[in-house]
Every structure is written in C-alpha cells, then in structure tokens.
Amino acid sequence: MTRGLYAGSFDPMTCGHEDMIVRAANLCDELVVGIIENPSKKPMFTADERKVMIEKVCSGIPNVKVDCFSGLLADYVNENGFSMVIRGLRSNTDFEYELSMAQINARLYRDNVETVFLMTDPHYSFISSSMAKEVFTLGGSIEGLVPDEILKTMKNKCR
C-alpha cells in the first residue's frame with residue numbers, strides 16, 4: 001500500500017492546495033494531508049480548525065485523511081510509514097527551496113521515501129495562503145482563491 005503525505009500549514013487552505021490534494025490522491029492508496037504546526041508563525045486558524053475545514057473540503061475524496069503534527073517533517077514521515085511526500089511547485093523559487101528541503105529530508109528518512117514534485121495548475125500558480133489572508137483582512141475579495149467552505153469559515157471567524 002502506498003501512503004503519501006502532502007504537508008503544509010494550510011492557513012488557510014487555498015484552491016491550489018485543493019487541486020494538489022485531488023491530484024496527489026490519485027497517486028497513492030492513502031493520502032494524508034499533514035497540517036504542520038509552526039510555533040514561530042501566528043496563524044489565523046488553530047491546527048484543529050484547519051483540520052476540520054480541510055476534512056469538509058476533502059470529504060468527497062475517500063482515500064484522504066487529515067492529521068496535525070509539529071517538529072521535523074522527516075520524523076513524522078518515519079513514524080508513520082509514508083512511502084512518498086508530495087510537494088507542490090509554483091515557480092522556480094519554489095523549486096530551489098523544495099529541492100534543498102527534499103535533499104536534506106532524504107538524508108533523514110529511514111526508509112525508501114520518495115519526494116514527488118507536482119507542478120501547480122497555472123490557474124492557481126499565483127495563490128498563496130499568506131496572500132489570500134492579506135487580501136481578505138484588508139477587505140478584498142478572495143472568492144475563487146480559497147474553497148467556498150474555507151471562505152465561509154473565514155467570514156464567520158472575522159465577524
């Protein structure tokens with residue numbers, strides 16, 4: 001059985017993330033969307049809130065599960081028996097960063113774990129969580145940048 005991990009902060013989840021999840025789910029028997037808890041960031045949503053939102057958005061994808069973790073990605077991968085880690089690439093800047101991370105992680109993985117890079121759909125290549133958050137908090141429209149369920153939750157949280 002192939003177990004894949006697609007990890008990120010997902011604060012908030014974007015349409016680009018959703019597209020990656022759908023595509024990555026086709027590459028493995030089970031895909032875990034791993035929400036990384038980064039103590040140095042000030043998130044809009046708690047990890048548990050993000051988990052609930054992502055579960056709602058992904059409810060129609062039977063082989064997707066959502067989990068939260070902190071610490072090293074490689075430790076989480078080693079402890080949970082993943083065979084692949086999926087990473088999305090929007091630009092050559094992403095590639096340079098992701099390549100160096102994949103190389104250090106490959107050294108830290110205990111088993112044969114592959115890093116799989118997926119190119120972002122061009123419709124979503126400009127979207128980032130931080131950009132969506134900034135536009136939203138400044139009163140701009142982010143319809144089409146985040147899934148409808150996420151937008152609804154963001155509006156409710158900021159009331």
# chains A, B, ... in the order shown; residues from 1 in each chain; ligands from 1
$ select_by_dssp --residues "chain A" --states "strand (DSSP E or B)" --output "PyMOL selection string"
chain A and resi 3-8+30-36+64-69+84-89+114-119+143+146
$ closest_atom_pairs --of "region 38-148 of chain A" --to "region 2-12 of chain A" --cutoff "6 Å" --atoms "only C-alpha atoms" --output "Markdown table"
| residue | atom | partner | partner_atom | distance |
| --- | --- | --- | --- | --- |
| A:Phe82 | CA | A:Arg3 | CA | 4.9 |
| A:Ser83 | CA | A:Arg3 | CA | 5.5 |
| A:Met84 | CA | A:Gly4 | CA | 4.8 |
| A:Val85 | CA | A:Leu5 | CA | 4.8 |
| A:Ile86 | CA | A:Tyr6 | CA | 5.0 |
| A:Ser129 | CA | A:Pro12 | CA | 5.5 |
$ residues_around --residues "Asn92 (chain A)" --least-positions-apart "5" --cutoff "12 Å" --atoms "only C-alpha atoms" --output "JSON, numbers by chain"
{"A": [97, 98, 99, 119, 120, 125]}
$ write_last_selection --atoms "N, CA and C atoms" --output "short mmCIF file (atom, residue, chain, number, x, y, z; two decimals), in the first residue's frame"
data_model
loop_
_atom_site.label_atom_id
_atom_site.label_comp_id
_atom_site.auth_asym_id
_atom_site.auth_seq_id
_atom_site.Cartn_x
_atom_site.Cartn_y
_atom_site.Cartn_z
N TYR A 97 13.93 26.03 -3.30
CA TYR A 97 13.69 25.78 -1.88
C TYR A 97 13.30 24.32 -1.63
N GLU A 98 12.34 23.82 -2.41
CA GLU A 98 11.83 22.46 -2.22
C GLU A 98 12.90 21.41 -2.52
N LEU A 99 13.75 21.67 -3.49
CA LEU A 99 14.82 20.73 -3.82
C LEU A 99 15.79 20.60 -2.64
N MET A 119 3.66 20.04 -10.38
CA MET A 119 3.54 21.42 -10.81
C MET A 119 2.12 21.92 -10.53
N THR A 120 2.03 23.12 -10.03
CA THR A 120 0.73 23.72 -9.76
C THR A 120 0.01 24.01 -11.07
N SER A 125 -1.26 29.24 -9.80
CA SER A 125 0.17 29.42 -9.54
C SER A 125 0.49 30.70 -8.77
#
$ residues_around --residues "Val52 (chain A)" --least-positions-apart "6" --cutoff "10 Å" --atoms "only C-alpha atoms" --output "short mmCIF file (atom, residue, chain, number, x, y, z; two decimals) with C-alpha atoms, in the first residue's frame"
data_model
loop_
_atom_site.label_atom_id
_atom_site.label_comp_id
_atom_site.auth_asym_id
_atom_site.auth_seq_id
_atom_site.Cartn_x
_atom_site.Cartn_y
_atom_site.Cartn_z
CA CYS A 58 -11.97 16.81 1.07
CA VAL A 66 -6.15 14.84 7.64
CA ASP A 67 -3.72 14.97 10.56
#
$ residues_around --residues "region 44-49 of chain A" --least-positions-apart "4" --cutoff "8 Å" --atoms "only C-alpha atoms" --output "VMD selection string"
chain A and resid 11 to 12 35 to 37 53 68
$ select_by_dssp --residues "region 12-69 of chain A" --states "alpha helix (DSSP H)" --output "PyMOL selection string"
chain A and resi 15-25+47-57
$ atom_distance --atom1 "CA of Glu114 (chain A)" --atom2 "CA of Glu55 (chain A)"
25.2 Å
